[in-house]
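Enquirer: Data: model_1.cif, mmCIF, C-alpha atoms (C1' of nucleotides).
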```cif
data_run
#
loop_
_atom_site.label_atom_id
_atom_site.label_comp_id
_atom_site.auth_asym_id
_atom_site.auth_seq_id
_atom_site.Cartn_x
_atom_site.Cartn_y
_atom_site.Cartn_z
CA MET A 188 -60.94 -125.95 -54.29
CA THR A 189 -60.27 -126.50 -50.60
CA PRO A 190 -58.30 -123.73 -48.87
CA SER A 191 -54.89 -124.81 -47.64
CA ALA A 192 -54.20 -124.30 -43.94
CA SER A 193 -50.49 -124.26 -44.71
CA ASP A 194 -50.93 -121.33 -47.09
CA LEU A 195 -52.73 -119.40 -44.36
CA LEU A 196 -50.18 -120.33 -41.69
CA ASP A 197 -47.28 -119.32 -43.95
CA TRP A 198 -48.95 -115.98 -44.54
CA TYR A 199 -49.54 -115.59 -40.81
CA ALA A 200 -45.90 -116.31 -40.01
CA ARG A 201 -44.98 -113.31 -42.14
CA GLN A 202 -47.89 -110.95 -41.47
CA ARG A 203 -49.09 -111.64 -37.94
CA ARG A 204 -50.04 -108.66 -35.81
CA VAL A 205 -48.25 -107.97 -32.55
CA LEU A 206 -50.92 -107.53 -29.87
CA PRO A 207 -50.51 -107.09 -26.12
CA TRP A 208 -52.47 -110.25 -25.28
CA ARG A 209 -50.86 -112.35 -27.97
CA ALA A 210 -47.84 -114.58 -27.31
CA LEU A 211 -44.80 -114.01 -29.49
CA PRO A 212 -43.71 -116.87 -31.78
CA GLY A 213 -42.40 -119.73 -29.66
CA GLN A 214 -43.95 -118.39 -26.46
CA VAL A 215 -46.87 -119.96 -24.62
CA ALA A 216 -50.05 -117.90 -24.35
CA ASP A 217 -51.20 -116.81 -20.89
CA PRO A 218 -54.76 -118.10 -20.41
CA TYR A 219 -55.66 -115.12 -18.21
CA ALA A 220 -54.56 -112.62 -20.84
CA VAL A 221 -56.27 -114.58 -23.61
CA TRP A 222 -59.52 -114.80 -21.65
CA LEU A 223 -59.48 -111.13 -20.63
CA SER A 224 -58.81 -110.02 -24.20
CA GLU A 225 -61.51 -112.28 -25.64
CA ILE A 226 -64.15 -110.88 -23.29
CA MET A 227 -63.12 -107.30 -24.06
CA LEU A 228 -63.04 -107.96 -27.80
CA GLN A 229 -66.63 -109.18 -27.92
CA GLN A 230 -68.30 -106.75 -30.34
CA THR A 231 -65.48 -104.29 -29.66
CA THR A 232 -62.59 -103.17 -31.86
CA VAL A 233 -58.92 -103.90 -31.17
CA VAL A 234 -58.11 -100.18 -31.05
CA THR A 235 -60.76 -99.56 -28.40
CA VAL A 236 -59.74 -102.55 -26.31
CA MET A 237 -56.00 -101.88 -26.26
CA PRO A 238 -55.84 -99.21 -23.50
CA TYR A 239 -58.45 -101.00 -21.39
CA PHE A 240 -56.51 -104.26 -21.61
CA GLU A 241 -53.26 -102.63 -20.54
CA ARG A 242 -54.98 -100.88 -17.64
CA PHE A 243 -56.67 -104.07 -16.46
CA LEU A 244 -53.48 -106.10 -16.60
CA LYS A 245 -51.66 -103.45 -14.60
CA ARG A 246 -54.45 -103.12 -12.07
CA TYR A 247 -55.35 -106.82 -11.90
CA PRO A 248 -52.18 -108.73 -12.88
CA THR A 249 -53.66 -112.17 -12.19
CA VAL A 250 -57.05 -113.81 -12.18
CA ASP A 251 -56.75 -114.02 -8.38
CA ALA A 252 -56.21 -110.28 -8.16
CA LEU A 253 -59.25 -109.68 -10.33
CA ALA A 254 -61.33 -112.08 -8.23
CA SER A 255 -60.31 -110.26 -5.06
CA ALA A 256 -61.23 -106.81 -6.37
CA PRO A 257 -64.63 -105.29 -5.48
CA LEU A 258 -67.12 -105.52 -8.33
CA GLN A 259 -67.66 -101.77 -8.22
CA ASP A 260 -63.93 -101.22 -8.92
CA VAL A 261 -64.10 -103.58 -11.89
CA LEU A 262 -67.18 -101.78 -13.24
CA ALA A 263 -65.40 -98.43 -12.87
CA SER A 264 -62.38 -99.84 -14.74
CA TRP A 265 -64.72 -101.09 -17.45
CA ALA A 266 -66.65 -97.81 -17.78
CA GLY A 267 -66.74 -96.69 -21.41
CA LEU A 268 -66.21 -100.14 -22.91
CA GLY A 269 -69.92 -100.92 -23.07
CA TYR A 270 -71.94 -104.12 -22.67
CA TYR A 271 -71.52 -103.93 -18.92
CA SER A 272 -72.85 -107.41 -18.25
CA ARG A 273 -69.47 -108.48 -19.60
CA ALA A 274 -67.76 -106.81 -16.65
CA ARG A 275 -70.15 -108.41 -14.18
CA ASN A 276 -69.64 -111.83 -15.75
CA LEU A 277 -65.90 -111.21 -15.94
CA HIS A 278 -65.74 -110.72 -12.20
CA ALA A 279 -67.98 -113.71 -11.46
CA CYS A 280 -65.88 -115.85 -13.78
CA ALA A 281 -62.65 -114.72 -12.11
CA VAL A 282 -64.02 -115.79 -8.72
CA LEU A 283 -64.89 -119.25 -10.04
CA VAL A 284 -61.56 -119.69 -11.82
CA SER A 285 -59.60 -118.45 -8.84
CA ASP A 286 -61.44 -120.89 -6.57
CA ARG A 287 -60.75 -123.87 -8.80
CA GLY A 288 -57.11 -122.90 -9.18
CA GLY A 289 -57.01 -122.02 -12.86
CA PHE A 290 -58.90 -122.02 -16.15
CA PRO A 291 -60.40 -125.26 -17.46
CA ASP A 292 -58.62 -126.40 -20.63
CA THR A 293 -61.58 -127.86 -22.52
CA VAL A 294 -64.29 -126.24 -24.62
CA ALA A 295 -67.05 -127.63 -22.41
CA GLY A 296 -65.31 -126.58 -19.22
CA LEU A 297 -64.75 -123.06 -20.49
CA GLN A 298 -68.24 -122.64 -21.90
CA ALA A 299 -69.74 -123.48 -18.51
CA LEU A 300 -68.25 -120.25 -17.12
CA PRO A 301 -70.20 -116.97 -17.04
CA GLY A 302 -69.66 -114.71 -20.04
CA ILE A 303 -68.08 -117.50 -22.10
CA GLY A 304 -70.23 -118.77 -24.95
CA ALA A 305 -69.61 -121.09 -27.88
CA TYR A 306 -67.30 -118.68 -29.63
CA THR A 307 -65.18 -117.55 -26.68
CA ALA A 308 -64.78 -121.09 -25.33
CA ARG A 309 -63.34 -122.21 -28.66
CA ALA A 310 -61.16 -119.13 -28.96
CA ILE A 311 -59.58 -119.65 -25.53
CA ALA A 312 -59.31 -123.42 -25.96
CA SER A 313 -57.51 -123.14 -29.29
CA ILE A 314 -55.33 -120.11 -28.54
CA ALA A 315 -54.35 -120.83 -24.94
CA PHE A 316 -54.62 -124.63 -24.74
CA GLY A 317 -53.99 -125.87 -28.27
CA VAL A 318 -57.37 -127.55 -28.68
CA PRO A 319 -58.05 -128.04 -32.42
CA VAL A 320 -61.35 -126.18 -32.78
CA VAL A 321 -62.45 -123.23 -34.95
CA PRO A 322 -64.09 -120.34 -33.10
CA VAL A 323 -66.67 -118.74 -35.36
CA ASP A 324 -66.75 -114.98 -34.86
CA GLY A 325 -67.60 -112.26 -37.35
CA ASN A 326 -64.21 -112.64 -39.05
CA VAL A 327 -64.46 -116.40 -39.55
CA GLU A 328 -68.08 -116.03 -40.60
CA ARG A 329 -67.11 -113.52 -43.27
CA VAL A 330 -64.11 -115.49 -44.53
CA THR A 331 -66.15 -118.68 -44.71
CA ALA A 332 -69.13 -117.05 -46.39
CA ARG A 333 -66.82 -115.68 -49.07
CA LEU A 334 -64.90 -118.90 -49.60
CA HIS A 335 -68.21 -120.61 -50.41
CA ALA A 336 -70.07 -117.61 -51.89
CA PHE A 337 -72.66 -118.47 -49.29
CA GLU A 338 -76.00 -116.98 -50.38
CA THR A 339 -78.30 -117.74 -47.45
CA PRO A 340 -78.85 -114.49 -45.50
CA LEU A 341 -77.77 -114.32 -41.86
CA PRO A 342 -78.87 -114.99 -39.24
CA ALA A 343 -81.01 -117.75 -40.82
CA GLY A 344 -77.98 -119.32 -42.48
CA ARG A 345 -75.77 -119.26 -39.41
CA ARG A 346 -75.97 -122.95 -38.54
CA ALA A 347 -75.00 -124.02 -42.04
CA LEU A 348 -72.22 -121.45 -42.11
CA ASP A 349 -70.87 -122.65 -38.76
CA GLN A 350 -70.76 -126.14 -40.22
CA LEU A 351 -68.75 -124.94 -43.19
CA ALA A 352 -66.39 -123.02 -40.89
CA SER A 353 -65.70 -126.09 -38.76
CA MET A 354 -64.59 -127.88 -41.91
CA LEU A 355 -61.64 -125.51 -42.14
CA ASN A 356 -60.19 -127.67 -39.40
CA ASP A 357 -60.29 -130.83 -41.51
CA ASP A 358 -56.84 -129.93 -42.81
CA PRO A 359 -54.19 -131.72 -40.68
CA ALA A 360 -51.98 -128.63 -40.91
CA ALA A 361 -54.69 -126.65 -39.11
CA GLN A 362 -55.06 -129.24 -36.37
CA ALA A 363 -51.30 -129.31 -35.89
CA ALA A 364 -51.26 -125.60 -34.94
CA PRO A 365 -54.62 -124.67 -33.38
CA SER A 366 -53.42 -121.48 -31.72
CA ASP A 367 -51.79 -120.02 -34.81
CA PHE A 368 -54.57 -121.19 -37.08
CA THR A 369 -57.26 -119.43 -35.05
CA GLN A 370 -55.30 -116.22 -34.81
CA ALA A 371 -54.40 -116.42 -38.48
CA LEU A 372 -58.12 -116.51 -39.30
CA PHE A 373 -58.64 -113.39 -37.15
CA ASP A 374 -55.79 -111.54 -38.84
CA LEU A 375 -57.02 -112.56 -42.26
CA GLY A 376 -60.50 -111.26 -41.49
CA ALA A 377 -59.22 -108.08 -39.87
CA GLY A 378 -56.57 -107.16 -42.42
CA ILE A 379 -57.37 -108.80 -45.76
CA CYS A 380 -60.89 -110.19 -45.87
CA THR A 381 -62.40 -106.96 -44.53
CA PRO A 382 -66.12 -106.14 -44.61
CA ARG A 383 -66.15 -103.38 -47.25
CA ARG A 384 -63.19 -103.54 -49.59
CA PRO A 385 -61.29 -106.80 -49.15
CA SER A 386 -57.69 -106.92 -50.41
CA CYS A 387 -58.14 -110.08 -52.41
CA LEU A 388 -54.89 -109.69 -54.32
CA MET A 389 -52.99 -110.08 -51.04
CA CYS A 390 -55.08 -113.00 -49.80
CA PRO A 391 -53.38 -116.37 -49.33
CA TRP A 392 -56.71 -118.06 -50.01
CA ARG A 393 -57.87 -116.17 -53.09
CA VAL A 394 -57.40 -119.15 -55.43
CA SER A 395 -59.89 -121.10 -53.29
CA CYS A 396 -62.39 -118.29 -52.88
CA ARG A 397 -65.64 -118.51 -54.81
CA ALA A 398 -66.66 -114.95 -53.88
CA HIS A 399 -63.43 -113.62 -55.34
CA ALA A 400 -64.00 -115.72 -58.45
CA GLY A 401 -67.49 -114.25 -58.72
CA GLY A 402 -66.11 -110.72 -58.66
CA GLU A 403 -68.23 -109.37 -55.77
CA PRO A 404 -66.56 -110.56 -52.58
CA ALA A 405 -67.92 -107.66 -50.51
CA ARG A 406 -71.46 -108.92 -51.12
CA PHE A 407 -70.83 -111.71 -48.59
CA PRO A 408 -71.95 -112.56 -46.01
CA VAL A 409 -75.49 -111.75 -47.14
CA LYS A 410 -77.50 -110.30 -44.27
CA ALA A 411 -81.20 -109.93 -43.61
CA PRO A 412 -82.51 -106.34 -43.36
CA ARG A 413 -82.50 -104.78 -39.92
CA LYS A 414 -85.28 -103.30 -37.89
CA ALA A 415 -85.55 -99.55 -37.47
CA ARG A 416 -84.11 -98.08 -34.29
CA PRO A 417 -86.75 -96.35 -32.12
CA GLU A 418 -86.16 -93.08 -30.25
CA ARG A 419 -86.54 -92.40 -26.55
CA HIS A 420 -86.49 -89.19 -24.55
CA GLY A 421 -85.71 -88.14 -21.02
CA VAL A 422 -84.39 -85.43 -18.73
CA VAL A 423 -81.36 -85.76 -16.46
CA PHE A 424 -80.50 -83.51 -13.53
CA VAL A 425 -77.04 -82.22 -12.73
CA LEU A 426 -77.37 -81.07 -9.13
CA GLU A 427 -74.37 -79.36 -7.62
CA ASP A 428 -73.68 -78.19 -4.09
CA ALA A 429 -71.52 -75.27 -2.92
CA THR A 430 -68.40 -77.44 -2.96
CA GLY A 431 -68.95 -78.51 -6.57
CA ALA A 432 -70.01 -82.04 -5.66
CA ILE A 433 -72.55 -83.76 -7.93
CA TRP A 434 -75.51 -85.89 -6.90
CA LEU A 435 -75.30 -89.39 -8.45
CA ARG A 436 -77.09 -92.67 -8.04
CA HIS A 437 -76.66 -96.36 -8.89
CA ARG A 438 -78.66 -98.10 -11.59
CA PRO A 439 -80.34 -101.45 -10.93
CA GLU A 440 -78.08 -104.49 -11.18
CA GLN A 441 -79.92 -105.91 -14.17
CA GLY A 442 -80.76 -104.49 -17.56
CA LEU A 443 -79.39 -101.54 -19.50
CA LEU A 444 -76.20 -100.12 -17.93
CA GLY A 445 -76.78 -102.57 -15.07
CA GLY A 446 -74.88 -101.73 -11.90
CA MET A 447 -73.43 -98.56 -13.36
CA THR A 448 -73.59 -95.04 -11.90
CA GLU A 449 -75.83 -92.37 -13.41
CA LEU A 450 -77.19 -88.87 -13.03
CA PRO A 451 -80.69 -88.82 -11.58
CA GLY A 452 -83.30 -88.43 -14.28
CA THR A 453 -86.81 -89.10 -15.50
CA SER A 454 -87.85 -92.40 -16.98
CA TRP A 455 -87.31 -92.64 -20.74
CA GLN A 456 -90.41 -92.10 -22.87
CA ASP A 457 -91.36 -92.60 -26.50
CA ARG A 458 -92.05 -88.87 -26.82
CA PRO A 459 -90.16 -85.77 -25.62
CA VAL A 460 -90.70 -85.05 -21.93
CA ALA A 461 -92.06 -81.60 -21.05
CA LEU A 462 -89.76 -79.86 -18.60
CA SER A 463 -92.73 -78.97 -16.40
CA ASP A 464 -93.45 -82.70 -16.08
CA ALA A 465 -89.81 -83.58 -15.57
CA PHE A 466 -89.35 -81.21 -12.64
CA SER A 467 -91.83 -83.20 -10.58
CA GLU A 468 -89.34 -86.09 -10.76
CA SER A 469 -86.31 -83.94 -9.94
CA PRO A 470 -84.22 -84.71 -6.86
CA ALA A 471 -84.73 -81.20 -5.42
CA GLU A 472 -87.02 -78.22 -5.82
CA VAL A 473 -84.56 -75.71 -7.14
CA THR A 474 -84.33 -73.49 -10.20
CA TRP A 475 -83.33 -75.69 -13.12
CA LYS A 476 -81.56 -74.30 -16.15
CA VAL A 477 -81.25 -76.19 -19.44
CA ALA A 478 -77.60 -76.99 -20.11
CA GLY A 479 -78.09 -78.73 -23.44
CA GLN A 480 -79.11 -81.87 -25.30
CA VAL A 481 -77.30 -85.18 -25.47
CA LYS A 482 -77.99 -87.68 -28.22
CA HIS A 483 -76.73 -91.18 -27.58
CA VAL A 484 -77.15 -94.22 -29.80
CA PHE A 485 -77.57 -97.57 -28.09
CA THR A 486 -77.77 -100.84 -29.97
CA HIS A 487 -81.55 -100.99 -30.06
CA PHE A 488 -82.69 -97.39 -29.53
CA THR A 489 -81.55 -93.78 -29.74
CA LEU A 490 -81.73 -91.77 -26.53
CA ASN A 491 -82.31 -88.00 -26.53
CA LEU A 492 -81.57 -86.47 -23.15
CA THR A 493 -82.21 -82.92 -22.02
CA VAL A 494 -79.61 -82.01 -19.42
CA VAL A 495 -80.66 -79.46 -16.79
CA ARG A 496 -78.55 -78.16 -13.96
CA GLY A 497 -79.33 -76.68 -10.59
CA ALA A 498 -77.59 -75.74 -7.37
CA VAL A 499 -78.16 -76.32 -3.67
CA GLU A 500 -76.15 -75.07 -0.72
CA ASN A 501 -75.71 -78.66 0.50
CA PHE A 502 -77.24 -82.10 0.02
CA ARG A 503 -78.83 -82.35 3.49
CA MET A 504 -82.27 -81.89 2.00
CA LEU A 505 -81.70 -85.02 -0.13
CA HIS A 506 -81.10 -87.36 2.80
CA ASN A 507 -84.05 -89.56 1.90
CA GLN A 508 -83.36 -89.60 -1.86
CA PRO A 509 -81.57 -92.52 -3.47
CA GLY A 510 -78.06 -91.53 -4.40
CA PHE A 511 -74.85 -90.08 -3.08
CA ALA A 512 -72.70 -86.98 -3.33
CA CYS A 513 -69.63 -87.26 -5.51
CA PRO A 514 -66.86 -84.67 -5.14
CA PRO A 515 -65.41 -83.39 -8.43
CA HIS A 516 -62.10 -85.20 -8.06
CA ALA A 517 -63.91 -88.56 -7.65
CA ILE A 518 -65.95 -88.33 -10.86
CA ALA A 519 -63.25 -89.98 -12.93
CA ASP A 520 -63.23 -93.05 -10.67
CA GLN A 521 -66.98 -93.59 -10.86
CA ALA A 522 -68.57 -96.35 -12.94
CA LEU A 523 -70.10 -93.74 -15.23
CA PRO A 524 -71.05 -95.00 -18.69
CA SER A 525 -70.26 -92.85 -21.71
CA VAL A 526 -73.77 -91.48 -22.05
CA MET A 527 -73.55 -90.04 -18.54
CA ARG A 528 -70.08 -88.63 -19.11
CA LYS A 529 -71.47 -86.85 -22.16
CA CYS A 530 -74.13 -85.26 -19.98
CA LEU A 531 -71.57 -84.14 -17.39
CA ALA A 532 -69.35 -82.72 -20.09
CA LEU A 533 -71.95 -80.05 -20.83
"C1'" DG B 103 -85.11 -117.29 -33.16
"C1'" DA B 104 -85.37 -112.77 -31.72
"C1'" DG B 105 -84.69 -109.13 -28.53
"C1'" DC B 106 -81.72 -107.04 -25.31
"C1'" DC B 107 -77.26 -105.22 -24.29
"C1'" DG B 108 -72.71 -99.86 -25.42
"C1'" DT B 109 -69.58 -97.48 -27.75
"C1'" DG B 110 -66.70 -95.18 -31.17
"C1'" DG B 111 -65.13 -94.90 -35.85
"C1'" DG B 112 -65.46 -95.15 -40.93
"C1'" DC B 113 -67.69 -93.92 -45.03
"C1'" DT C 110 -76.24 -87.69 -41.22
"C1'" DG C 111 -77.37 -92.30 -40.87
"C1'" DC C 112 -75.99 -96.78 -41.19
"C1'" DC C 113 -72.78 -100.43 -40.64
"C1'" DC C 114 -69.36 -102.59 -38.24
"C1'" DA C 115 -66.31 -104.65 -34.28
"C1'" DA C 116 -62.51 -111.55 -31.48
"C1'" DG C 117 -70.88 -112.28 -28.79
"C1'" DG C 118 -73.58 -113.85 -24.62
"C1'" DC C 119 -77.79 -114.41 -22.31
"C1'" DT C 120 -82.71 -114.98 -21.96
#
```
How does the structure come out when it is put into C-alpha cells?
Expert:
Amino acid sequence: MTPSASDLLDWYARQRRVLPWRALPGQVADPYAVWLSEIMLQQTTVVTVMPYFERFLKRYPTVDALASAPLQDVLASWAGLGYYSRARNLHACAVLVSDRGGFPDTVAGLQALPGIGAYTARAIASIAFGVPVVPVDGNVERVTARLHAFETPLPAGRRALDQLASMLNDDPAAQAAPSDFTQALFDLGAGICTPRRPSCLMCPWRVSCRAHAGGEPARFPVKAPRKARPERHGVVFVLEDATGAIWLRHRPEQGLLGGMTELPGTSWQDRPVALSDAFSESPAEVTWKVAGQVKHVFTHFTLNLTVVRGAVENFRMLHNQPGFACPPHAIADQALPSVMRKCLAL
DNA sequence: GAGCCGTGGGC
DNA sequence: TGCCCAAGGCT
C-alpha cells in the first residue's frame, strides 16, 4: 500500500516541531537561516545545533555579514561543532552567495556551491524555495527502508533506496507542499520512526509500512558491519609564562581539524609515545610535569593524549617556534576544537 | 565505493 | 565501557 502524503501532512500540521530556523505556518522560510541550519545539522543533532545557530544568527545576521567576517572568526564561532571543513565551506559559500546577490533557487544551482551536496541542495530547494524534491538524509533513508522492509544492507543498497525515497514525491499532495512535506519527513524520522524503538502506534504511515507489518521495524535499515577503530597516541605541551599565557599554534588548513588552533604536541603514533622521546619535540627545554591523560574519539580513530605542562618566565626564547602566546582571557575566543579544550581543562 | 572528517549523548 | 547514532560532503 502506497503511503499517503496527505496523512503525513495532516499529522505534521498537528505535531510539527517549533525550531529556530523553521518558518511558522503561513510564513515564508528565510533561505539564509535554512542554509545555515542545514549545514550545521549535517551529522549533528538538533540539540547540539540549537545554541550554535542562535549565536551565529546574532553574530552574522545576514549572508553578507557572514561573508564579510574573517574566516578565523567563523572558525572560532564554530569551535566545538566538529567537521570543521563545514565552517570553511560555509564561509566560502557565503562569499559566493553574497557576490551573486542571493541564494540560487534550483537544486543544480545550490549543489554547485561549496559544502552543499545532493542532500542539502534538495533540502534547501524544497524548504526555502518550494521545489518538489525529496532530500534523502538518515531520517528519510530510515523511513523509506522501513516502508519497504528494504533488506539490502547499506551502503550497497543506497542507490536503490534513494530511488524508492524519490517515489514518495509521486503523490500530488506531496508536490503541492514541498516545504512541509520535507520537514514532515524529518519530524517523522526524528520523533516517530526513530532508530531504536520506533513509536509505530503513533505513526501516520503505519498501515503502509511493511516493516511494521513484519513486526521488527527497528531491524531496518539493514547496515553492513563497520571496521574497527584504530588507536593513536601523542603528547601535548601546555606551556605557560609568568602572566598565565599559553603557547598555541595553528593547524594546517587541510585535513583533520584543518585551520583550527591547537596545543603544540608530538605527531600521533600507532603506539604510546615515550615521554623521553616526546620532550625532544617540545617547544622549550623546561621541566615537564604530567598533568593527565585525555582520550578523544574521532570518527575513524581514538586518540590518547598525554598532557604535560611546563613554565617559562616569558616566551622570548620561542621567537623562532611556530605559534603564538594566548592570554588566559582570550582562550575562549580561540578556534580550539573540543579535544584541545579537554587538554586545557586538566 | 571507501576513507576521511568531530562531537556529545543514549543505552 | 563500547558502540551506535545525528537534517552529509569531498576526494
Enquirer: For this structure, which residues satisfy the selection - the PyMOL selection byres ((chain A) within 10 of (chain B)) - when it is evaluated on the file as given? I want them as a list in words.
Expert: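 After applying the PyMOL selection byres ((chain A) within 10 of (chain B)), what remains is Gln230, Thr231, Thr232, Val234, Thr235, Ala266, Gly267, Leu268, Gly269, Tyr270, Tyr271, Ser272, Arg273, Pro342, Ala343, Arg383, Gly442, Leu443, Leu444, Gly445, His483, Val484, Phe485, Thr486, His487, Pro524, Ser525 and Val526 of chain A.
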Enquirer: Using C-alpha atoms, can you export the residues from the last selection as a PDB file, keeping the file's coordinate frame?
Expert:
```pdb
ATOM      1  CA  GLN A 230     -68.300-106.750 -30.340  1.00  0.00           C
ATOM      2  CA  THR A 231     -65.480-104.290 -29.660  1.00  0.00           C
ATOM      3  CA  THR A 232     -62.590-103.170 -31.860  1.00  0.00           C
ATOM      4  CA  VAL A 234     -58.110-100.180 -31.050  1.00  0.00           C
ATOM      5  CA  THR A 235     -60.760 -99.560 -28.400  1.00  0.00           C
ATOM      6  CA  ALA A 266     -66.650 -97.810 -17.780  1.00  0.00           C
ATOM      7  CA  GLY A 267     -66.740 -96.690 -21.410  1.00  0.00           C
ATOM      8  CA  LEU A 268     -66.210-100.140 -22.910  1.00  0.00           C
ATOM      9  CA  GLY A 269     -69.920-100.920 -23.070  1.00  0.00           C
ATOM     10  CA  TYR A 270     -71.940-104.120 -22.670  1.00  0.00           C
ATOM     11  CA  TYR A 271     -71.520-103.930 -18.920  1.00  0.00           C
ATOM     12  CA  SER A 272     -72.850-107.410 -18.250  1.00  0.00           C
ATOM     13  CA  ARG A 273     -69.470-108.480 -19.600  1.00  0.00           C
ATOM     14  CA  PRO A 342     -78.870-114.990 -39.240  1.00  0.00           C
ATOM     15  CA  ALA A 343     -81.010-117.750 -40.820  1.00  0.00           C
ATOM     16  CA  ARG A 383     -66.150-103.380 -47.250  1.00  0.00           C
ATOM     17  CA  GLY A 442     -80.760-104.490 -17.560  1.00  0.00           C
ATOM     18  CA  LEU A 443     -79.390-101.540 -19.500  1.00  0.00           C
ATOM     19  CA  LEU A 444     -76.200-100.120 -17.930  1.00  0.00           C
ATOM     20  CA  GLY A 445     -76.780-102.570 -15.070  1.00  0.00           C
ATOM     21  CA  HIS A 483     -76.730 -91.180 -27.580  1.00  0.00           C
ATOM     22  CA  VAL A 484     -77.150 -94.220 -29.800  1.00  0.00           C
ATOM     23  CA  PHE A 485     -77.570 -97.570 -28.090  1.00  0.00           C
ATOM     24  CA  THR A 486     -77.770-100.840 -29.970  1.00  0.00           C
ATOM     25  CA  HIS A 487     -81.550-100.990 -30.060  1.00  0.00           C
ATOM     26  CA  PRO A 524     -71.050 -95.000 -18.690  1.00  0.00           C
ATOM     27  CA  SER A 525     -70.260 -92.850 -21.710  1.00  0.00           C
ATOM     28  CA  VAL A 526     -73.770 -91.480 -22.050  1.00  0.00           C
TER      29      VAL A 526
END
```
Enquirer: With the PyMOL selection byres ((chain A) within 10 of (chain C)) as the selection, what would be picked from this file? Answer as a PyMOL selection string, please.
Expert: chain A and resi 224-235+272-273+276+301-307+310+322-327+370+373-374+377+382-383
Enquirer: Quick one, how far is CA of Pro207 (chain A) from CA of Glu241 (chain A)?
Expert: 7.7 Å
Enquirer: Find the spatial neighbours of region 365-367 of chain A, counting all atoms listed in the file, within a cut-off of 6 Å - ignore same-chain residues fewer than 3 positions away - and output them as a list in words.
Expert: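 Once the nearby chain positions are removed, what remains is Ser313, Ile314, Gly317, Pro319, Gln362, Gln370 and Ala371 of chain A.
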Enquirer: So which residues get picked by the PyMOL selection byres ((chain A and resi 213) around 12) here, written as a VMD selection string?
Expert: chain A and resid 200 209 to 212 214 to 216 364 366 to 367
Enquirer: Could you jot down the CA of Cys530 (chain A) to CA of Gly452 (chain A) separation for me, Å, one decimal place?
Expert: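 So the two atoms, CA of Cys530 (chain A) and CA of Gly452 (chain A), lie 11.3 Å apart.
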Enquirer: So how many Å separate CA of Leu258 (chain A) and CA of Phe243 (chain A), to one decimal?
Expert: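 About the pair CA of Leu258 (chain A) and CA of Phe243 (chain A): they are 13.3 Å apart.
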Enquirer: With all atoms listed in the file counted, which protein, DNA or RNA residues have an atom no more than 9 Å from (-63.3, -82.1, -5.3) in the file frame? Please answer as a PyMOL selection string.
Expert: chain A and resi 430-432+513-518
